[in-house]
$ cat start06.csv   # CSV, C-alpha atoms and all ligand atoms
chain,number,residue,atom,x,y,z
T,4,MET,CA,0.0,0.0,0.0
T,5,ALA,CA,1.3,3.4,-0.9
T,6,GLU,CA,1.0,5.8,2.0
T,7,ASP,CA,1.1,9.0,-0.1
T,8,LEU,CA,-2.2,10.6,-0.6
T,9,ILE,CA,-3.0,12.5,-3.8
T,10,ILE,CA,-4.6,15.8,-2.8
T,11,ILE,CA,-6.3,17.7,-5.5
T,12,SER,CA,-6.6,21.5,-5.5
T,13,SER,CA,-10.1,21.7,-7.0
T,14,SER,CA,-12.7,23.6,-4.9
T,15,ASP,CA,-15.4,21.4,-6.3
T,16,LYS,CA,-16.6,19.0,-3.5
T,17,THR,CA,-17.7,16.3,-5.8
T,18,GLU,CA,-14.3,16.3,-7.6
T,19,GLN,CA,-12.5,16.2,-4.2
T,20,TYR,CA,-14.6,13.3,-2.9
T,21,THR,CA,-14.3,11.4,-6.2
T,22,SER,CA,-10.5,11.7,-5.9
T,23,LEU,CA,-10.3,10.9,-2.2
T,24,ILE,CA,-12.9,8.0,-1.8
T,25,PRO,CA,-11.0,5.3,-3.8
T,26,GLN,CA,-7.8,6.3,-1.9
T,27,ILE,CA,-9.6,5.9,1.5
T,28,GLU,CA,-11.0,2.6,0.3
T,29,ALA,CA,-7.5,1.4,-0.6
T,30,LEU,CA,-6.0,2.6,2.7
T,31,LEU,CA,-8.6,0.5,4.7
T,32,GLN,CA,-8.2,-2.5,2.4
T,33,GLY,CA,-6.9,-5.5,4.3
T,34,GLU,CA,-6.4,-3.6,7.6
T,35,PRO,CA,-8.8,-5.0,10.3
T,36,ASP,CA,-7.8,-2.6,13.1
T,37,LEU,CA,-10.6,-0.2,13.8
T,38,VAL,CA,-8.5,2.6,15.4
T,39,ALA,CA,-5.9,2.5,12.6
T,40,ASN,CA,-8.7,2.8,10.0
T,41,LEU,CA,-10.5,5.6,11.8
T,42,ALA,CA,-7.2,7.5,12.2
T,43,ASN,CA,-6.4,7.3,8.5
T,44,ILE,CA,-9.9,8.4,7.5
T,45,CYS,CA,-9.5,11.5,9.6
T,46,ALA,CA,-6.1,12.2,8.3
T,47,ALA,CA,-7.2,11.8,4.6
T,48,LEU,CA,-10.3,14.0,5.1
T,49,LYS,CA,-8.2,16.7,6.9
T,50,GLU,CA,-5.5,16.7,4.2
T,51,GLN,CA,-8.0,17.1,1.4
T,52,PHE,CA,-10.6,19.4,2.9
T,53,LYS,CA,-8.5,21.4,5.5
T,54,TRP,CA,-11.5,21.4,7.8
T,55,LEU,CA,-11.0,22.9,11.2
T,56,TRP,CA,-11.6,19.5,12.9
T,57,VAL,CA,-12.6,16.0,11.8
T,58,GLY,CA,-12.8,13.0,14.0
T,59,PHE,CA,-14.8,10.2,15.6
T,60,TYR,CA,-16.6,9.7,18.8
T,61,LEU,CA,-17.3,6.1,19.8
T,62,VAL,CA,-20.1,4.9,22.1
T,63,LYS,CA,-18.6,3.5,25.3
T,64,ASN,CA,-20.7,2.7,28.4
T,65,GLY,CA,-23.6,4.8,27.3
T,66,GLU,CA,-21.8,7.9,26.2
T,67,LEU,CA,-19.7,9.2,23.3
T,68,VAL,CA,-16.0,9.1,24.0
T,69,LEU,CA,-13.5,10.9,21.8
T,70,GLY,CA,-11.7,8.7,19.3
T,71,PRO,CA,-9.2,9.3,16.5
T,72,PHE,CA,-9.3,12.9,15.2
T,73,GLN,CA,-7.3,15.6,13.4
T,74,GLY,CA,-7.5,19.2,14.6
T,75,PRO,CA,-7.5,21.1,17.9
T,76,VAL,CA,-8.0,19.3,21.2
T,77,ALA,CA,-11.7,18.5,21.8
T,78,CYS,CA,-14.2,17.6,24.5
T,79,THR,CA,-13.7,14.0,25.5
T,80,ARG,CA,-17.2,12.9,26.5
T,81,ILE,CA,-20.7,13.7,25.1
T,82,ALA,CA,-24.0,12.4,26.5
T,83,LYS,CA,-26.7,11.0,24.4
T,84,GLY,CA,-28.9,13.8,23.0
T,85,LYS,CA,-26.4,16.5,23.8
T,86,GLY,CA,-24.9,18.8,21.2
T,87,VAL,CA,-24.9,17.9,17.5
T,88,CYS,CA,-23.0,14.6,18.1
T,89,GLY,CA,-25.3,13.4,20.9
T,90,GLY,CA,-28.3,14.5,18.7
T,91,ALA,CA,-27.1,12.5,15.7
T,92,TRP,CA,-26.6,9.5,18.0
T,93,GLU,CA,-30.1,9.8,19.6
T,94,GLN,CA,-31.9,10.5,16.3
T,95,ALA,CA,-29.7,7.9,14.4
T,96,LYS,CA,-29.5,10.3,11.5
T,97,THR,CA,-27.0,12.7,9.8
T,98,LEU,CA,-27.2,16.3,11.1
T,99,VAL,CA,-26.0,19.1,8.9
T,100,VAL,CA,-25.7,22.4,10.9
T,101,PRO,CA,-25.0,25.4,8.7
T,102,ASP,CA,-24.7,27.8,11.7
T,103,VAL,CA,-23.6,26.3,15.0
T,104,ASP,CA,-24.8,29.4,16.9
T,105,ALA,CA,-28.3,28.7,15.7
T,106,PHE,CA,-28.2,25.1,16.9
T,107,PRO,CA,-29.7,24.9,20.5
T,108,GLY,CA,-27.3,23.0,22.8
T,109,HIS,CA,-24.3,23.0,20.4
T,110,ILE,CA,-21.2,22.1,22.3
T,111,ALA,CA,-18.4,24.5,21.4
T,112,CYS,CA,-15.2,22.5,21.6
T,113,SER,CA,-13.6,25.3,19.5
T,114,SER,CA,-14.8,28.9,19.3
T,115,ALA,CA,-13.6,28.9,15.7
T,116,SER,CA,-16.2,26.4,14.5
T,117,ARG,CA,-19.0,27.9,12.6
T,118,SER,CA,-20.7,24.9,10.9
T,119,GLU,CA,-20.7,21.2,11.4
T,120,ILE,CA,-21.8,17.8,10.1
T,121,VAL,CA,-22.3,14.7,12.2
T,122,LEU,CA,-23.0,11.2,10.8
T,123,PRO,CA,-24.0,8.2,12.9
T,124,LEU,CA,-21.9,5.0,12.5
T,125,PHE,CA,-24.1,1.9,12.4
T,126,HIS,CA,-23.1,-1.6,13.3
T,127,ASN,CA,-25.7,-4.4,13.6
T,128,ASN,CA,-28.4,-1.7,13.3
T,129,ARG,CA,-27.1,0.2,16.3
T,130,VAL,CA,-25.3,3.5,16.5
T,131,VAL,CA,-21.8,2.7,17.7
T,132,GLY,CA,-20.3,6.2,17.2
T,133,VAL,CA,-20.3,9.3,15.0
T,134,LEU,CA,-18.1,11.0,12.5
T,135,ASP,CA,-18.0,14.7,13.2
T,136,ALA,CA,-16.5,17.5,11.0
T,137,ASP,CA,-16.3,21.2,11.9
T,138,SER,CA,-15.7,24.1,9.5
T,139,GLU,CA,-14.5,27.6,10.2
T,140,HIS,CA,-16.9,28.8,7.6
T,141,LEU,CA,-20.7,29.2,7.8
T,142,ALA,CA,-22.6,26.5,5.8
T,143,GLY,CA,-19.4,24.6,5.2
T,144,PHE,CA,-21.3,21.3,4.8
T,145,ASP,CA,-24.3,20.3,2.7
T,146,GLU,CA,-26.1,17.2,1.3
T,147,THR,CA,-23.1,16.5,-1.0
T,148,ASP,CA,-20.9,16.1,2.1
T,149,ALA,CA,-23.5,13.9,3.7
T,150,ARG,CA,-23.8,11.7,0.7
T,151,TYR,CA,-20.1,11.1,0.2
T,152,LEU,CA,-19.2,10.9,3.9
T,153,GLU,CA,-21.9,8.2,4.2
T,154,ARG,CA,-20.1,6.3,1.6
T,155,ILE,CA,-16.7,6.7,3.4
T,156,ILE,CA,-18.1,5.5,6.7
T,157,GLY,CA,-19.6,2.5,4.9
T,158,PHE,CA,-16.0,1.3,4.4
T,159,ILE,CA,-15.4,0.9,8.2
T,160,ASN,CA,-15.3,-2.7,9.4
T,161,PHE,CA,-16.4,-2.9,13.1
T,162,ASN,CA,-15.6,-6.6,13.3
T,163,GLU,CA,-12.0,-6.4,14.3
A,1,LIG,N1,-19.7,20.5,18.4
A,1,LIG,C1,-19.9,19.1,18.8
A,1,LIG,C2,-19.0,18.7,19.9
A,1,LIG,C3,-17.7,18.0,19.3
A,1,LIG,S1,-16.6,19.1,18.7
A,1,LIG,O1,-17.2,19.9,17.7
A,1,LIG,C4,-15.2,18.3,18.2
A,1,LIG,C5,-21.3,19.0,19.3
A,1,LIG,O2,-22.1,19.9,19.4
A,1,LIG,O3,-21.7,17.8,19.5

$ encode --input "start06.csv" --output "structure tokens" --more "lines below"
Ligand code: SME
Amino acid sequence: MAEDLIIISSSDKTEQYTSLIPQIEALLQGEPDLVANLANICAALKEQFKWLWVGFYLVKNGELVLGPFQGPVACTRIAKGKGVCGGAWEQAKTLVVPDVDAFPGHIACSSASRSEIVLPLFHNNRVVGVLDADSEHLAGFDETDARYLERIIGFINFNE
């Protein structure tokens, strides 16, 4: 496996995801370790999109606990239903938040975050974690991100 990621300079999201997705799939291919794979997904997304923060929270003993991420230090534990992450977990659906200040209960891990997307991770029909990405720009995420990120998290194998 080549560890070098090809990063494209296009500002078109579809082109960026189209370039990145096969590379992420190749990175995960044949590697069963969950943490290693989550770490590489974060790194690849951060390199291509330069988001403020991207990372995983995993459900442990009834709360979300910080997992592999790229970006500034973040809150370590989030309760079910709290913030965007806890909301995506409770509702078991992707939440796109164009303006975090307009989201009641948003947990501000970084004051620089202006918009956010959180996708639940499913295993055996249960939410076992979330993928969270934060942007310094308003409306940094939309349905295009939701669609492609859903494809990326579909590569994750939770049966280590
Ligand atoms: N803003 C998130 C908390 C996690 S950080 O953004 C890394 C939330 O409201 O759930």

$ closest_atom_pairs --input "start06.csv" --of "chain T" --to "ligand LIG 1 (chain A)" --cutoff "10 Å" --atoms "all atoms listed in the file" --output "JSON lines"
{"residue": "T:Leu55", "atom": "CA", "partner": "A:LIG1", "partner_atom": "C4", "distance": 9.4}
{"residue": "T:Trp56", "atom": "CA", "partner": "A:LIG1", "partner_atom": "C4", "distance": 6.5}
{"residue": "T:Val57", "atom": "CA", "partner": "A:LIG1", "partner_atom": "C4", "distance": 7.3}
{"residue": "T:Gly58", "atom": "CA", "partner": "A:LIG1", "partner_atom": "C4", "distance": 7.2}
{"residue": "T:Phe59", "atom": "CA", "partner": "A:LIG1", "partner_atom": "C4", "distance": 8.5}
{"residue": "T:Tyr60", "atom": "CA", "partner": "A:LIG1", "partner_atom": "C3", "distance": 8.4}
{"residue": "T:Leu67", "atom": "CA", "partner": "A:LIG1", "partner_atom": "O3", "distance": 9.6}
{"residue": "T:Leu69", "atom": "CA", "partner": "A:LIG1", "partner_atom": "C4", "distance": 8.4}
{"residue": "T:Phe72", "atom": "CA", "partner": "A:LIG1", "partner_atom": "C4", "distance": 8.5}
{"residue": "T:Gln73", "atom": "CA", "partner": "A:LIG1", "partner_atom": "C4", "distance": 9.6}
{"residue": "T:Gly74", "atom": "CA", "partner": "A:LIG1", "partner_atom": "C4", "distance": 8.5}
{"residue": "T:Pro75", "atom": "CA", "partner": "A:LIG1", "partner_atom": "C4", "distance": 8.2}
{"residue": "T:Val76", "atom": "CA", "partner": "A:LIG1", "partner_atom": "C4", "distance": 7.9}
{"residue": "T:Ala77", "atom": "CA", "partner": "A:LIG1", "partner_atom": "C4", "distance": 5.0}
{"residue": "T:Cys78", "atom": "CA", "partner": "A:LIG1", "partner_atom": "C3", "distance": 6.3}
{"residue": "T:Thr79", "atom": "CA", "partner": "A:LIG1", "partner_atom": "C3", "distance": 8.4}
{"residue": "T:Arg80", "atom": "CA", "partner": "A:LIG1", "partner_atom": "C3", "distance": 8.8}
{"residue": "T:Ile81", "atom": "CA", "partner": "A:LIG1", "partner_atom": "O3", "distance": 7.0}
{"residue": "T:Ala82", "atom": "CA", "partner": "A:LIG1", "partner_atom": "O3", "distance": 9.1}
{"residue": "T:Lys83", "atom": "CA", "partner": "A:LIG1", "partner_atom": "O3", "distance": 9.8}
{"residue": "T:Gly84", "atom": "CA", "partner": "A:LIG1", "partner_atom": "O3", "distance": 8.9}
{"residue": "T:Lys85", "atom": "CA", "partner": "A:LIG1", "partner_atom": "O3", "distance": 6.5}
{"residue": "T:Gly86", "atom": "CA", "partner": "A:LIG1", "partner_atom": "O2", "distance": 3.5}
{"residue": "T:Val87", "atom": "CA", "partner": "A:LIG1", "partner_atom": "O3", "distance": 3.8}
{"residue": "T:Cys88", "atom": "CA", "partner": "A:LIG1", "partner_atom": "O3", "distance": 3.7}
{"residue": "T:Gly89", "atom": "CA", "partner": "A:LIG1", "partner_atom": "O3", "distance": 5.9}
{"residue": "T:Gly90", "atom": "CA", "partner": "A:LIG1", "partner_atom": "O3", "distance": 7.4}
{"residue": "T:Ala91", "atom": "CA", "partner": "A:LIG1", "partner_atom": "O3", "distance": 8.5}
{"residue": "T:Trp92", "atom": "CA", "partner": "A:LIG1", "partner_atom": "O3", "distance": 9.8}
{"residue": "T:Val100", "atom": "CA", "partner": "A:LIG1", "partner_atom": "O2", "distance": 9.6}
{"residue": "T:Val103", "atom": "CA", "partner": "A:LIG1", "partner_atom": "N1", "distance": 7.8}
{"residue": "T:Phe106", "atom": "CA", "partner": "A:LIG1", "partner_atom": "O2", "distance": 8.4}
{"residue": "T:Pro107", "atom": "CA", "partner": "A:LIG1", "partner_atom": "O2", "distance": 9.2}
{"residue": "T:Gly108", "atom": "CA", "partner": "A:LIG1", "partner_atom": "O2", "distance": 6.9}
{"residue": "T:His109", "atom": "CA", "partner": "A:LIG1", "partner_atom": "O2", "distance": 3.9}
{"residue": "T:Ile110", "atom": "CA", "partner": "A:LIG1", "partner_atom": "O2", "distance": 3.7}
{"residue": "T:Ala111", "atom": "CA", "partner": "A:LIG1", "partner_atom": "N1", "distance": 5.2}
{"residue": "T:Cys112", "atom": "CA", "partner": "A:LIG1", "partner_atom": "S1", "distance": 4.7}
{"residue": "T:Ser113", "atom": "CA", "partner": "A:LIG1", "partner_atom": "O1", "distance": 6.7}
{"residue": "T:Ser114", "atom": "CA", "partner": "A:LIG1", "partner_atom": "O1", "distance": 9.5}
{"residue": "T:Ala115", "atom": "CA", "partner": "A:LIG1", "partner_atom": "O1", "distance": 9.9}
{"residue": "T:Ser116", "atom": "CA", "partner": "A:LIG1", "partner_atom": "O1", "distance": 7.3}
{"residue": "T:Arg117", "atom": "CA", "partner": "A:LIG1", "partner_atom": "N1", "distance": 9.4}
{"residue": "T:Ser118", "atom": "CA", "partner": "A:LIG1", "partner_atom": "N1", "distance": 8.8}
{"residue": "T:Glu119", "atom": "CA", "partner": "A:LIG1", "partner_atom": "N1", "distance": 7.1}
{"residue": "T:Ile120", "atom": "CA", "partner": "A:LIG1", "partner_atom": "N1", "distance": 9.0}
{"residue": "T:Val121", "atom": "CA", "partner": "A:LIG1", "partner_atom": "O3", "distance": 8.0}
{"residue": "T:Val133", "atom": "CA", "partner": "A:LIG1", "partner_atom": "O3", "distance": 9.7}
{"residue": "T:Leu134", "atom": "CA", "partner": "A:LIG1", "partner_atom": "C4", "distance": 9.7}
{"residue": "T:Asp135", "atom": "CA", "partner": "A:LIG1", "partner_atom": "C4", "distance": 6.8}
{"residue": "T:Ala136", "atom": "CA", "partner": "A:LIG1", "partner_atom": "O1", "distance": 7.2}
{"residue": "T:Asp137", "atom": "CA", "partner": "A:LIG1", "partner_atom": "O1", "distance": 6.0}
{"residue": "T:Ser138", "atom": "CA", "partner": "A:LIG1", "partner_atom": "O1", "distance": 9.3}

$ residues_near_point --input "start06.csv" --point "(-8.5, -4.4, 7.2)" --cutoff "12 Å" --atoms "all atoms listed in the file" --output "number ranges by chain"
T: 4, 27-41, 43, 158-163

$ atom_distance --input "start06.csv" --atom1 "atom CA of Gly70 of chain T" --atom2 "atom CA of Leu152 of chain T"
17.3 Å

$ atom_distance --input "start06.csv" --atom1 "atom CA of Pro101 of chain T" --atom2 "atom CA of Arg150 of chain T"
15.9 Å

$ closest_residue --input "start06.csv" --among "T:Val62, T:Val99, T:Leu23, T:Ala105" --to "Tyr151 of chain T" --atoms "all atoms listed in the file"
T:Leu23

$ closest_residue --input "start06.csv" --among "T:Glu139, T:Leu61, T:Gln94, T:Asp145" --to "His126 of chain T" --atoms "all atoms listed in the file"
T:Leu61

$ atom_distance --input "start06.csv" --atom1 "atom CA of Leu98 of chain T" --atom2 "atom CA of Val130 of chain T"
14.0 Å
